[in-house]
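Visitor: What follows is the file work-v4.tsv, containing TSV, C-alpha atoms:
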chain	number	residue	atom	x	y	z
U	1	MET	CA	-11.03	26.70	11.12
U	2	ILE	CA	-12.71	24.73	13.92
U	3	GLN	CA	-14.82	23.01	11.28
U	4	GLN	CA	-11.68	22.06	9.35
U	5	ILE	CA	-10.02	20.59	12.46
U	6	PHE	CA	-13.18	18.62	13.17
U	7	PHE	CA	-13.06	17.19	9.64
U	8	GLY	CA	-9.39	16.36	10.23
U	9	PHE	CA	-10.46	14.32	13.24
U	10	LEU	CA	-13.25	12.57	11.29
U	11	ALA	CA	-10.99	11.74	8.34
U	12	THR	CA	-8.26	10.24	10.50
U	13	ALA	CA	-10.70	8.27	12.66
U	14	GLY	CA	-12.42	6.98	9.51
U	15	PHE	CA	-9.13	5.74	8.11
U	16	ALA	CA	-8.29	4.17	11.45
U	17	PHE	CA	-11.52	2.16	11.09
U	18	LEU	CA	-10.58	1.12	7.55
U	19	PHE	CA	-7.15	-0.07	8.70
U	20	ASN	CA	-8.74	-2.04	11.53
U	21	VAL	CA	-7.07	-0.15	14.36
U	22	PRO	CA	-8.15	-1.52	17.78
U	23	ILE	CA	-11.28	0.18	19.07
U	24	ASP	CA	-9.65	1.94	22.04
U	25	ALA	CA	-7.01	3.54	19.80
U	26	ILE	CA	-9.36	5.00	17.17
U	27	VAL	CA	-10.32	8.19	19.02
U	28	VAL	CA	-6.70	8.77	19.99
U	29	SER	CA	-5.44	8.41	16.44
U	30	GLY	CA	-8.23	10.75	15.30
U	31	LEU	CA	-6.92	13.24	17.84
U	32	SER	CA	-3.41	13.10	16.44
U	33	GLY	CA	-4.84	13.70	12.97
U	34	ALA	CA	-6.74	16.75	14.25
U	35	VAL	CA	-3.62	18.19	15.91
U	36	GLY	CA	-1.61	17.60	12.74
U	37	TRP	CA	-4.21	19.35	10.65
U	38	ALA	CA	-4.38	22.29	13.10
U	39	GLY	CA	-0.63	22.69	12.65
U	40	TYR	CA	-1.07	22.57	8.88
U	41	LEU	CA	-3.69	25.35	8.94
U	42	LEU	CA	-1.58	27.48	11.28
U	43	VAL	CA	1.47	27.31	9.04
U	44	MET	CA	-0.65	28.03	5.96
U	45	LYS	CA	-1.84	31.22	7.67
U	46	ILE	CA	1.64	32.44	8.60
U	47	TYR	CA	3.57	31.21	5.58
U	48	PRO	CA	1.37	29.94	2.75
U	49	SER	CA	3.42	27.04	1.41
U	50	THR	CA	1.85	23.59	1.14
U	51	VAL	CA	5.21	21.86	1.46
U	52	ALA	CA	6.17	23.65	4.69
U	53	ALA	CA	2.71	23.09	6.17
U	54	THR	CA	2.80	19.40	5.29
U	55	PHE	CA	6.22	19.08	6.90
U	56	ILE	CA	4.98	20.59	10.18
U	57	ALA	CA	1.80	18.48	10.12
U	58	SER	CA	3.67	15.22	9.62
U	59	LEU	CA	6.14	16.27	12.34
U	60	LEU	CA	3.22	16.80	14.75
U	61	ILE	CA	1.59	13.50	13.79
U	62	GLY	CA	4.87	11.69	14.33
U	63	ILE	CA	5.35	13.25	17.78
U	64	MET	CA	1.77	12.48	18.83
U	65	GLY	CA	2.20	8.93	17.55
U	66	GLU	CA	5.32	8.40	19.66
U	67	ILE	CA	3.65	9.82	22.78
U	68	PHE	CA	0.48	7.74	22.39
U	69	ALA	CA	2.48	4.62	21.56
U	70	GLN	CA	4.30	4.87	24.87
U	71	ARG	CA	1.11	5.58	26.82
U	72	LYS	CA	-1.03	2.88	25.24
U	73	LYS	CA	1.65	0.25	24.57
U	74	TYR	CA	0.71	-0.07	20.92
U	75	PRO	CA	3.18	0.16	18.04
U	76	THR	CA	3.63	3.71	16.69
U	77	THR	CA	2.46	2.69	13.22
U	78	ILE	CA	-1.11	2.38	14.47
U	79	PHE	CA	-1.35	6.11	15.12
U	80	VAL	CA	0.88	7.39	12.33
U	81	ILE	CA	-0.58	5.64	9.26
U	82	PRO	CA	-4.19	6.92	9.57
U	83	GLY	CA	-2.94	10.41	10.43
U	84	ILE	CA	-0.65	10.67	7.42
U	85	ILE	CA	-3.25	9.79	4.79
U	86	PRO	CA	-5.05	13.17	4.55
U	87	LEU	CA	-1.61	14.70	3.90
U	88	VAL	CA	-0.71	12.35	1.03
U	89	PRO	CA	-0.78	14.49	-2.13
U	90	GLY	CA	-3.65	12.70	-3.85
U	91	ALA	CA	-5.29	15.97	-4.84
U	92	TYR	CA	-2.11	17.24	-6.46
U	93	SER	CA	-1.38	14.06	-8.39
U	94	TYR	CA	-4.98	14.12	-9.62
U	95	LYS	CA	-4.64	17.72	-10.76
U	96	THR	CA	-1.39	16.81	-12.51
U	97	VAL	CA	-3.14	14.12	-14.51
U	98	LEU	CA	-5.97	16.50	-15.31
U	99	ALA	CA	-3.51	19.10	-16.62
U	100	ILE	CA	-1.78	16.46	-18.78
U	101	ILE	CA	-5.12	15.47	-20.29
U	102	GLN	CA	-5.96	19.06	-21.13
U	103	GLY	CA	-2.58	19.43	-22.83
U	104	ASN	CA	-1.44	21.95	-20.23
U	105	ASN	CA	2.12	20.65	-19.99
U	106	LYS	CA	3.63	23.59	-18.14
U	107	GLN	CA	0.97	23.51	-15.45
U	108	ALA	CA	1.33	19.73	-15.25
U	109	PHE	CA	5.05	20.10	-14.61
U	110	ASP	CA	4.48	22.64	-11.82
U	111	LEU	CA	1.85	20.47	-10.17
U	112	GLY	CA	4.02	17.37	-10.55
U	113	LEU	CA	6.87	19.13	-8.75
U	114	GLN	CA	4.43	20.15	-5.99
U	115	THR	CA	3.34	16.52	-5.63
U	116	ILE	CA	6.91	15.30	-5.21
U	117	GLY	CA	7.68	18.15	-2.80
U	118	ILE	CA	4.74	17.24	-0.56
U	119	ALA	CA	5.65	13.54	-0.55
U	120	LEU	CA	9.20	14.42	0.47
U	121	ALA	CA	7.90	16.78	3.19
U	122	ILE	CA	5.86	13.96	4.73
U	123	ALA	CA	8.91	11.71	4.63
U	124	ALA	CA	11.17	14.35	6.16
U	125	GLY	CA	8.74	15.12	8.99
U	126	LEU	CA	8.40	11.47	9.95
U	127	MET	CA	12.12	10.86	9.58
U	128	PHE	CA	12.87	13.63	12.07
U	129	VAL	CA	10.61	12.23	14.76
U	130	ILE	CA	11.58	8.60	14.29
U	131	SER	CA	15.30	9.30	14.37
U	132	PHE	CA	15.02	11.22	17.63
U	133	ALA	CA	12.65	8.70	19.19
U	134	ARG	CA	15.26	6.06	18.44
U	135	ILE	CA	17.92	7.92	20.41
U	136	ARG	CA	15.63	8.23	23.43
U	137	ARG	CA	14.83	4.55	23.47
U	138	ARG	CA	18.43	3.45	23.79
D	1	MET	CA	9.16	-28.93	21.35
D	2	ASN	CA	12.40	-28.54	19.42
D	3	HIS	CA	14.24	-25.71	17.76
D	4	GLU	CA	12.55	-26.25	14.39
D	5	ASP	CA	9.17	-25.57	15.97
D	6	LEU	CA	10.46	-22.43	17.67
D	7	LEU	CA	11.85	-21.11	14.39
D	8	LYS	CA	8.64	-21.92	12.52
D	9	PHE	CA	6.52	-20.21	15.16
D	10	ALA	CA	8.63	-17.05	15.20
D	11	VAL	CA	8.65	-16.82	11.41
D	12	ILE	CA	4.87	-17.13	11.26
D	13	ALA	CA	4.60	-14.30	13.76
D	14	GLY	CA	6.90	-12.18	11.61
D	15	GLN	CA	4.94	-13.11	8.51
D	16	THR	CA	1.68	-12.01	10.16
D	17	ILE	CA	3.17	-8.59	10.87
D	18	LEU	CA	4.49	-8.22	7.33
D	19	GLU	CA	1.23	-9.31	5.70
D	20	ASN	CA	-0.86	-6.86	7.67
D	21	GLY	CA	0.93	-3.59	7.08
D	22	GLY	CA	3.80	-3.73	9.59
D	23	GLU	CA	7.24	-2.46	8.66
D	24	THR	CA	9.99	-4.88	7.67
D	25	TYR	CA	12.19	-3.86	10.59
D	26	ARG	CA	9.34	-4.65	12.96
D	27	SER	CA	9.06	-8.10	11.44
D	28	GLU	CA	12.82	-8.67	11.84
D	29	ASP	CA	12.75	-7.33	15.40
D	30	THR	CA	9.86	-9.61	16.31
D	31	ILE	CA	11.58	-12.77	15.10
D	32	GLU	CA	14.88	-11.88	16.75
D	33	ARG	CA	13.25	-10.83	20.02
D	34	MET	CA	11.24	-14.04	20.25
D	35	LEU	CA	14.24	-16.33	19.72
D	36	ASN	CA	17.08	-14.36	21.28
D	37	ASN	CA	17.11	-16.01	24.70
D	38	LYS	CA	16.19	-19.47	23.38
D	39	VAL	CA	18.83	-20.25	20.75
D	40	GLU	CA	22.52	-19.43	20.45
D	41	ARG	CA	22.31	-17.16	17.44
D	42	VAL	CA	19.49	-15.85	15.27
D	43	GLU	CA	19.77	-13.94	12.02
D	44	THR	CA	16.91	-12.62	9.88
D	45	PHE	CA	16.60	-10.83	6.61
D	46	VAL	CA	13.14	-9.55	5.75
D	47	THR	CA	12.00	-7.85	2.57
D	48	PRO	CA	8.41	-6.86	1.76
D	49	THR	CA	8.05	-10.03	-0.32
D	50	GLY	CA	9.83	-12.65	1.75
D	51	ILE	CA	11.36	-13.68	5.07
D	52	PHE	CA	14.71	-15.42	5.50
D	53	ALA	CA	15.57	-16.58	9.00
D	54	SER	CA	18.18	-18.90	10.43
D	55	ILE	CA	19.15	-20.08	13.91
D	56	GLU	CA	22.33	-21.73	15.15
D	57	ASN	CA	22.54	-24.30	17.91
D	58	ASN	CA	25.58	-26.42	18.85
D	59	GLY	CA	27.19	-25.60	15.54
D	60	LYS	CA	24.09	-26.71	13.60
D	61	ILE	CA	22.40	-24.09	11.45
D	62	GLU	CA	18.74	-24.25	10.44
D	63	THR	CA	17.30	-21.89	7.86
D	64	THR	CA	13.84	-21.21	6.51
D	65	ILE	CA	12.58	-19.10	3.64
D	66	THR	CA	8.99	-17.86	3.59
D	67	ARG	CA	7.47	-16.13	0.62
D	68	VAL	CA	4.95	-13.37	1.44
D	69	LYS	CA	2.50	-12.72	-1.34
D	70	GLN	CA	-0.61	-11.07	0.01
D	71	ARG	CA	-0.47	-7.65	1.60
D	72	ASP	CA	-3.27	-6.03	3.55
D	73	SER	CA	-3.61	-3.29	6.13
D	74	ASP	CA	-4.96	-4.74	9.34
D	75	LEU	CA	-3.17	-2.86	12.10
D	76	ASN	CA	-5.04	-4.69	14.86
D	77	LYS	CA	-3.14	-7.89	14.02
D	78	VAL	CA	0.16	-6.00	14.04
D	79	ALA	CA	-0.58	-4.71	17.53
D	80	LEU	CA	-1.68	-8.14	18.81
D	81	VAL	CA	1.36	-10.00	17.43
D	82	ASN	CA	3.62	-7.25	18.78
D	83	ASP	CA	2.14	-7.77	22.22
D	84	LEU	CA	2.41	-11.56	21.95
D	85	SER	CA	6.05	-11.40	20.92
D	86	ARG	CA	6.92	-9.20	23.89
D	87	ARG	CA	5.39	-11.69	26.30
D	88	PHE	CA	6.99	-14.62	24.47
D	89	SER	CA	10.44	-13.07	24.67
D	90	LYS	CA	10.28	-13.03	28.48
D	91	GLU	CA	9.63	-16.79	28.73
D	92	SER	CA	12.58	-19.07	29.34
D	93	LEU	CA	12.95	-22.30	27.41
D	94	ASP	CA	12.32	-24.63	30.40
D	95	THR	CA	9.05	-23.21	31.63
D	96	LEU	CA	7.59	-22.30	28.24
D	97	ASP	CA	3.99	-23.36	27.57
D	98	PHE	CA	4.47	-23.53	23.81
D	99	SER	CA	1.02	-24.74	22.76
D	100	LYS	CA	-0.64	-21.81	24.53
D	101	TYR	CA	1.29	-19.37	22.34
D	102	THR	CA	0.76	-21.27	19.09
D	103	ASP	CA	-2.98	-21.40	19.77
D	104	GLU	CA	-3.00	-17.66	20.43
D	105	LEU	CA	-1.15	-16.93	17.19
D	106	ILE	CA	-3.56	-19.07	15.16
D	107	LYS	CA	-6.44	-17.21	16.78
D	108	ILE	CA	-4.88	-13.83	15.93
D	109	ARG	CA	-4.30	-14.84	12.31
D	110	SER	CA	-7.92	-15.87	11.83
D	111	LYS	CA	-9.34	-12.67	13.36
D	112	GLY	CA	-11.58	-10.66	11.04
D	113	LYS	CA	-11.85	-6.94	10.48
D	114	TYR	CA	-14.70	-4.70	11.55
D	115	SER	CA	-17.98	-5.67	9.91
D	116	PHE	CA	-18.39	-4.93	6.21
D	117	LEU	CA	-21.15	-2.33	6.64
D	118	LEU	CA	-19.21	-0.44	9.28
D	119	ARG	CA	-16.11	-0.37	7.07
D	120	VAL	CA	-18.07	0.87	4.07
D	121	PHE	CA	-19.71	3.58	6.17
D	122	PHE	CA	-16.40	4.80	7.60
D	123	ALA	CA	-14.77	4.71	4.16
D	124	GLY	CA	-17.45	7.21	3.15
D	125	VAL	CA	-16.88	9.35	6.26
D	126	ALA	CA	-13.10	9.31	5.82
D	127	ALA	CA	-13.26	10.15	2.11
D	128	ALA	CA	-15.84	12.93	2.48
D	129	SER	CA	-13.96	14.54	5.40
D	130	SER	CA	-10.61	14.30	3.60
D	131	GLY	CA	-12.27	15.93	0.63
D	132	MET	CA	-13.26	18.81	2.89
D	133	LEU	CA	-9.64	19.14	4.03
D	134	LEU	CA	-8.41	19.16	0.45
D	135	GLY	CA	-10.54	22.10	-0.54
D	136	SER	CA	-13.98	20.84	-1.61
D	137	THR	CA	-17.07	22.68	-0.48
D	138	ILE	CA	-19.76	21.43	1.89
D	139	ARG	CA	-21.93	20.78	-1.19
D	140	ASP	CA	-19.55	17.95	-2.18
D	141	PHE	CA	-19.84	16.18	1.16
D	142	ILE	CA	-22.90	14.01	0.42
D	143	PRO	CA	-21.98	13.02	-3.17
D	144	THR	CA	-18.40	12.18	-2.09
D	145	PHE	CA	-19.79	10.07	0.72
D	146	ILE	CA	-21.99	8.13	-1.72
D	147	VAL	CA	-19.22	7.64	-4.31
D	148	ALA	CA	-16.71	6.52	-1.67
D	149	THR	CA	-19.06	3.97	-0.11
D	150	MET	CA	-19.82	2.47	-3.53
D	151	LEU	CA	-16.11	2.51	-4.37
D	152	GLN	CA	-15.32	0.63	-1.15
D	153	CYS	CA	-17.93	-2.05	-2.03
D	154	ILE	CA	-16.37	-2.53	-5.47
D	155	VAL	CA	-12.81	-2.61	-4.13
D	156	THR	CA	-13.77	-5.20	-1.51
D	157	TYR	CA	-15.40	-7.33	-4.20
D	158	PHE	CA	-12.36	-7.23	-6.48
D	159	GLU	CA	-10.02	-7.89	-3.57
D	160	ARG	CA	-11.95	-11.06	-2.89
D	161	LEU	CA	-11.24	-12.12	-6.50
D	162	LEU	CA	-7.51	-11.69	-5.66
D	163	LEU	CA	-6.91	-9.27	-8.52
D	164	SER	CA	-3.62	-7.39	-8.42
D	165	THR	CA	-3.64	-4.06	-6.57
D	166	PHE	CA	-2.78	-2.14	-9.72
D	167	ILE	CA	-5.78	-3.43	-11.63
D	168	ILE	CA	-8.00	-2.68	-8.63
D	169	ASN	CA	-6.63	0.86	-8.48
D	170	ILE	CA	-7.20	1.46	-12.18
D	171	ILE	CA	-10.78	0.18	-11.95
D	172	GLY	CA	-11.36	2.15	-8.74
D	173	GLY	CA	-10.01	5.38	-10.19
D	174	ALA	CA	-12.08	4.97	-13.35
D	175	PHE	CA	-15.20	4.24	-11.30
D	176	ALA	CA	-14.71	7.32	-9.10
D	177	ALA	CA	-14.22	9.49	-12.18
D	178	LEU	CA	-17.30	8.04	-13.85
D	179	LEU	CA	-19.55	8.66	-10.85
D	180	GLY	CA	-17.97	12.07	-10.34
D	181	LEU	CA	-18.88	12.98	-13.91
D	182	ALA	CA	-22.41	11.70	-13.41
D	183	PHE	CA	-22.98	13.69	-10.22
D	184	SER	CA	-21.41	16.90	-11.46
D	185	HIS	CA	-23.30	16.64	-14.76
D	186	PHE	CA	-26.54	16.98	-12.83
D	187	ALA	CA	-24.97	19.77	-10.73
D	188	ILE	CA	-24.81	17.78	-7.51
D	189	GLY	CA	-21.34	18.74	-6.28
D	190	THR	CA	-18.26	19.64	-8.29
D	191	LEU	CA	-16.23	17.19	-10.36
D	192	ASN	CA	-12.83	17.92	-8.78
D	193	GLY	CA	-14.18	17.86	-5.24
D	194	ILE	CA	-15.88	14.49	-5.64
D	195	ILE	CA	-12.98	12.75	-7.39
D	196	ILE	CA	-10.27	14.10	-5.07
D	197	GLY	CA	-12.29	13.07	-2.02
D	198	SER	CA	-13.25	9.59	-3.12
D	199	ILE	CA	-9.88	8.40	-4.44
D	200	VAL	CA	-8.31	9.15	-1.05
D	201	THR	CA	-9.30	5.68	0.18
D	202	LEU	CA	-7.24	4.09	-2.61
D	203	LEU	CA	-4.06	6.07	-1.88
D	204	PRO	CA	-1.00	4.06	-0.80
D	205	GLY	CA	-0.60	5.66	2.62
D	206	VAL	CA	0.69	2.53	4.33
D	207	ALA	CA	3.30	1.91	1.63
D	208	ILE	CA	4.59	5.51	1.73
D	209	THR	CA	4.86	5.62	5.51
D	210	ASN	CA	6.58	2.25	5.68
D	211	ALA	CA	8.98	3.11	2.86
D	212	VAL	CA	10.19	6.10	4.88
D	213	ARG	CA	10.56	4.12	8.07
D	214	ASP	CA	12.42	1.30	6.33
D	215	ALA	CA	14.80	3.82	4.77
D	216	ILE	CA	15.60	5.31	8.17
D	217	TRP	CA	16.26	1.90	9.68
D	218	GLY	CA	18.76	1.19	6.92
D	219	ASP	CA	16.62	-1.46	5.16
D	220	LEU	CA	17.34	0.02	1.79
D	221	VAL	CA	16.10	-2.97	-0.20
D	222	SER	CA	12.71	-2.77	1.53
D	223	ALA	CA	12.54	1.00	1.28
D	224	VAL	CA	13.06	0.95	-2.47
D	225	SER	CA	10.53	-1.80	-3.09
D	226	ARG	CA	7.91	-0.15	-0.88
D	227	GLY	CA	8.58	3.13	-2.64
D	228	VAL	CA	8.04	1.45	-6.00
D	229	GLU	CA	4.81	-0.07	-4.66
D	230	ALA	CA	3.58	3.38	-3.59
D	231	GLY	CA	4.56	4.98	-6.88
D	232	MET	CA	2.89	2.27	-8.93
D	233	SER	CA	-0.38	2.57	-6.99
D	234	ALA	CA	-0.41	6.35	-7.40
D	235	ILE	CA	0.23	6.02	-11.13
D	236	SER	CA	-2.45	3.37	-11.59
D	237	ILE	CA	-5.09	5.45	-9.76
D	238	ALA	CA	-4.18	8.43	-11.94
D	239	ALA	CA	-4.35	6.21	-15.04
D	240	GLY	CA	-7.86	5.05	-14.14
D	241	VAL	CA	-9.12	8.58	-13.51
D	242	GLY	CA	-7.28	9.95	-16.53
D	243	PHE	CA	-8.68	7.29	-18.85
D	244	VAL	CA	-12.31	8.16	-18.09
D	245	LEU	CA	-11.77	11.93	-18.06
D	246	ASN	CA	-9.85	11.77	-21.33
D	247	ILE	CA	-12.70	9.95	-23.09
D	248	TRP	CA	-15.17	12.46	-21.67
D	249	TYR	CA	-12.95	15.32	-22.90
D	250	VAL	CA	-12.59	13.79	-26.37
D	251	ILE	CA	-16.32	13.25	-26.86
D	252	GLY	CA	-16.84	16.92	-26.07
D	253	GLY	CA	-17.78	16.98	-22.41
D	254	LYS	CA	-16.66	19.85	-20.22
D	255	LEU	CA	-14.10	19.34	-17.46
Represent the structure contained in this file as structure tokens.

Guide:
Amino acid sequence: MIQQIFFGFLATAGFAFLFNVPIDAIVVSGLSGAVGWAGYLLVMKIYPSTVAATFIASLLIGIMGEIFAQRKKYPTTIFVIPGIIPLVPGAYSYKTVLAIIQGNNKQAFDLGLQTIGIALAIAAGLMFVISFARIRRR
Amino acid sequence: MNHEDLLKFAVIAGQTILENGGETYRSEDTIERMLNNKVERVETFVTPTGIFASIENNGKIETTITRVKQRDSDLNKVALVNDLSRRFSKESLDTLDFSKYTDELIKIRSKGKYSFLLRVFFAGVAAASSGMLLGSTIRDFIPTFIVATMLQCIVTYFERLLLSTFIINIIGGAFAALLGLAFSHFAIGTLNGIIIGSIVTLLPGVAITNAVRDAIWGDLVSAVSRGVEAGMSAISIAAGVGFVLNIWYVIGGKL
């Protein structure tokens, strides 16, 4: 578990580098990725559903992003984009394609639905945070 | 300094944000914030592919249209322009040192990214660690790292040729699948683990996130077009991977 959270940190920080995030924000955005992934693992343990876990993780990443954005005076995007990427259902869309190639249409359909569900969960999690952050700012 | 120059300057600032992975509402906000206390009325309409802005002064309306073609993700520039626009919005028209701000904006626009080697290295780290999160084993870490670094080199090369993103994604996906097959054939790592890890760097994370944010802000035109961008990239990556794996499957290789 600790190892997984550490990899969550590394992945997010690596993406922050790729997206050219300013140097003093990289560790912080890695941190928000690690917290998001910890939430994901926790939910998976209590209630093993990828969609629910992804929703909680993107919620956490959104909240961390808003907090850090206010502290560091950077736009929220800087922390949210690198954190979200490990959640994006690349693995599921890949497996869908693989199933289509092998002629496994039923499995492909199931996996395809999973992919869409995860994408919507990310969207819903972010939407929640952003909408509430907007109220506070007024 | 006249109003035309102000409008031009603000639109270039907005364009910089849009070109480097900022949301459309941020681009609109930036232009409006910069001009609000300097002209009588300012209206903007920004989509992911173009900026329309007009200002009104003494009953005279000036409008400009800017087409935005290239899109990149360079969040440092977004942060810098955001900061500049906040300072600019506090200046009043009489005491404004305009050339100082234009010089700063030109400097921001010409700023480079982190060095090539560093970016390639961190692409490898990011891909290999994401692979670990997505269920590969520790045995896949090194091969994924190698594939992802090579993939990043290739993608950077093709980006320099100004190929369309979809072609780059197809080539990238095919390349990752090819190397994945090569590594797993000699039993260095598993096929699924390597491919899932290394295509992570191609995924349209920026487009997905921004599509959601644009939808919430009510920019439905932008949200739909960003969503289409994200969907197209995902499909083209899958097409690249699928193409190679399909050939391998047909010629009798094991998946």

Visitor: Closest to U:Ala34 among D:Ile138, D:Leu133, D:Thr144, D:Leu35, using all atoms listed in the file?

Guide: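 Counting all atoms listed in the file, the residue closest to U:Ala34 is D:Leu133.
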
Visitor: Counting all atoms listed in the file, find residues at most 8 Å from (-10.8, 16.6, 0.7) (file frame) and give them as a list in words.

Guide: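 Residues with an atom close enough to that point: Pro86 and Ala91 of chain U; Ala127, Ala128, Ser129, Ser130, Gly131, Met132, Leu133, Leu134, Gly135, Ser136, Gly193, Ile196 and Gly197 of chain D.
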
Visitor: Mind checking which residues fall within 8 Å of D:Val81, counting all atoms listed in the file, ignoring those fewer than 4 positions away in the same chain, and posting them as JSON, numbers by chain?

Guide: {"D": [13, 16, 17, 77, 85, 105, 108]}

Visitor: If you measure from atom CA of D:Ala230 to atom CA of D:Ala207, what distance in Å do you get, rounded to one decimal?

Guide: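 Distance reported for this atom pair: 5.4 Å.
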
Visitor: For chain D, which residue out of U:Gly112, U:Val21, U:Gln3, U:Val129 is the nearest one, using all atoms listed in the file?

Guide: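 Selected residue with least distance to chain D: U:Val21.
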
Visitor: Residues of chain D within 7 Å of chain U: nearest atom pair and distance (Å, one decimal) for each, counting all atoms listed in the file, sorted by chain and number, as a tab-separated table?

Guide:
residue	atom	partner	partner_atom	distance
D:Ser73	CA	U:Phe19	CA	5.4
D:Asp74	CA	U:Asn20	CA	5.1
D:Leu75	CA	U:Val21	CA	5.3
D:Asn76	CA	U:Val21	CA	5.0
D:Ala79	CA	U:Tyr74	CA	5.9
D:Lys113	CA	U:Asn20	CA	5.9
D:Tyr114	CA	U:Asn20	CA	6.5
D:Arg119	CA	U:Leu18	CA	5.7
D:Phe122	CA	U:Gly14	CA	4.9
D:Ala123	CA	U:Gly14	CA	6.3
D:Val125	CA	U:Gly14	CA	6.0
D:Ala126	CA	U:Ala11	CA	4.1
D:Ala127	CA	U:Ala11	CA	6.8
D:Ser129	CA	U:Ala11	CA	5.0
D:Ser130	CA	U:Ala11	CA	5.4
D:Met132	CA	U:Phe7	CA	6.9
D:Leu133	CA	U:Gln4	CA	6.4
D:Leu134	CA	U:Ala91	CA	6.9
D:Ile196	CA	U:Ala91	CA	5.3
D:Val200	CA	U:Gly90	CA	6.5
D:Leu203	CA	U:Gly90	CA	6.9
D:Gly205	CA	U:Ile85	CA	5.4
D:Val206	CA	U:Ile81	CA	6.0
D:Thr209	CA	U:Ile81	CA	6.6
D:Val212	CA	U:Ala123	CA	5.8
D:Ile216	CA	U:Met127	CA	6.7
D:Ala238	CA	U:Tyr94	CA	6.2
D:Gly242	CA	U:Val97	CA	6.2
D:Asn246	CA	U:Ile101	CA	6.1

Visitor: Work out how far atom CA of D:Thr190 is from atom CA of D:Phe243, in Å to one decimal.

Guide: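 Between these atoms lies a distance of 18.9 Å.
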
Visitor: Near stretch 3-12 of chain D, within 10 Å and counting only C-alpha atoms, which residues show up once chain neighbours fewer than 6 positions away are dropped, as a VMD selection string?

Guide: chain D and resid 18 27 to 28 30 to 35 38 to 39 42 44 51 to 57 62 to 66 85 88 98 101 to 102 105 to 106 109

Visitor: Is it possible to add N, CA and C atoms to stretch 159-171 of chain D and hand it back as an mmCIF file, keeping the file's coordinate frame?

Guide:
data_model
loop_
_atom_site.group_PDB
_atom_site.id
_atom_site.type_symbol
_atom_site.label_atom_id
_atom_site.label_comp_id
_atom_site.auth_asym_id
_atom_site.auth_seq_id
_atom_site.Cartn_x
_atom_site.Cartn_y
_atom_site.Cartn_z
ATOM 1 N N GLU D 159 -11.069 -7.323 -4.419
ATOM 2 C CA GLU D 159 -10.020 -7.890 -3.570
ATOM 3 C C GLU D 159 -10.311 -9.347 -3.279
ATOM 4 N N ARG D 160 -11.575 -9.674 -3.167
ATOM 5 C CA ARG D 160 -11.950 -11.060 -2.890
ATOM 6 C C ARG D 160 -11.606 -11.951 -4.088
ATOM 7 N N LEU D 161 -11.621 -11.364 -5.304
ATOM 8 C CA LEU D 161 -11.240 -12.120 -6.500
ATOM 9 C C LEU D 161 -9.730 -12.256 -6.626
ATOM 10 N N LEU D 162 -8.974 -11.651 -5.677
ATOM 11 C CA LEU D 162 -7.510 -11.690 -5.660
ATOM 12 C C LEU D 162 -6.889 -11.085 -6.918
ATOM 13 N N LEU D 163 -7.525 -10.008 -7.416
ATOM 14 C CA LEU D 163 -6.910 -9.270 -8.520
ATOM 15 C C LEU D 163 -5.704 -8.502 -7.988
ATOM 16 N N SER D 164 -4.783 -8.131 -8.877
ATOM 17 C CA SER D 164 -3.620 -7.390 -8.420
ATOM 18 C C SER D 164 -4.037 -5.970 -8.035
ATOM 19 N N THR D 165 -3.288 -5.380 -7.091
ATOM 20 C CA THR D 165 -3.640 -4.060 -6.570
ATOM 21 C C THR D 165 -3.709 -3.018 -7.669
ATOM 22 N N PHE D 166 -2.838 -3.164 -8.675
ATOM 23 C CA PHE D 166 -2.780 -2.140 -9.720
ATOM 24 C C PHE D 166 -4.041 -2.148 -10.557
ATOM 25 N N ILE D 167 -4.532 -3.336 -10.882
ATOM 26 C CA ILE D 167 -5.780 -3.430 -11.630
ATOM 27 C C ILE D 167 -6.929 -2.852 -10.802
ATOM 28 N N ILE D 168 -6.939 -3.190 -9.501
ATOM 29 C CA ILE D 168 -8.000 -2.680 -8.630
ATOM 30 C C ILE D 168 -7.965 -1.164 -8.599
ATOM 31 N N ASN D 169 -6.746 -0.594 -8.524
ATOM 32 C CA ASN D 169 -6.630 0.860 -8.480
ATOM 33 C C ASN D 169 -7.096 1.512 -9.762
ATOM 34 N N ILE D 170 -6.753 0.892 -10.907
ATOM 35 C CA ILE D 170 -7.200 1.460 -12.180
ATOM 36 C C ILE D 170 -8.721 1.444 -12.252
ATOM 37 N N ILE D 171 -9.317 0.282 -11.913
ATOM 38 C CA ILE D 171 -10.780 0.180 -11.950
ATOM 39 C C ILE D 171 -11.401 1.172 -10.969
#
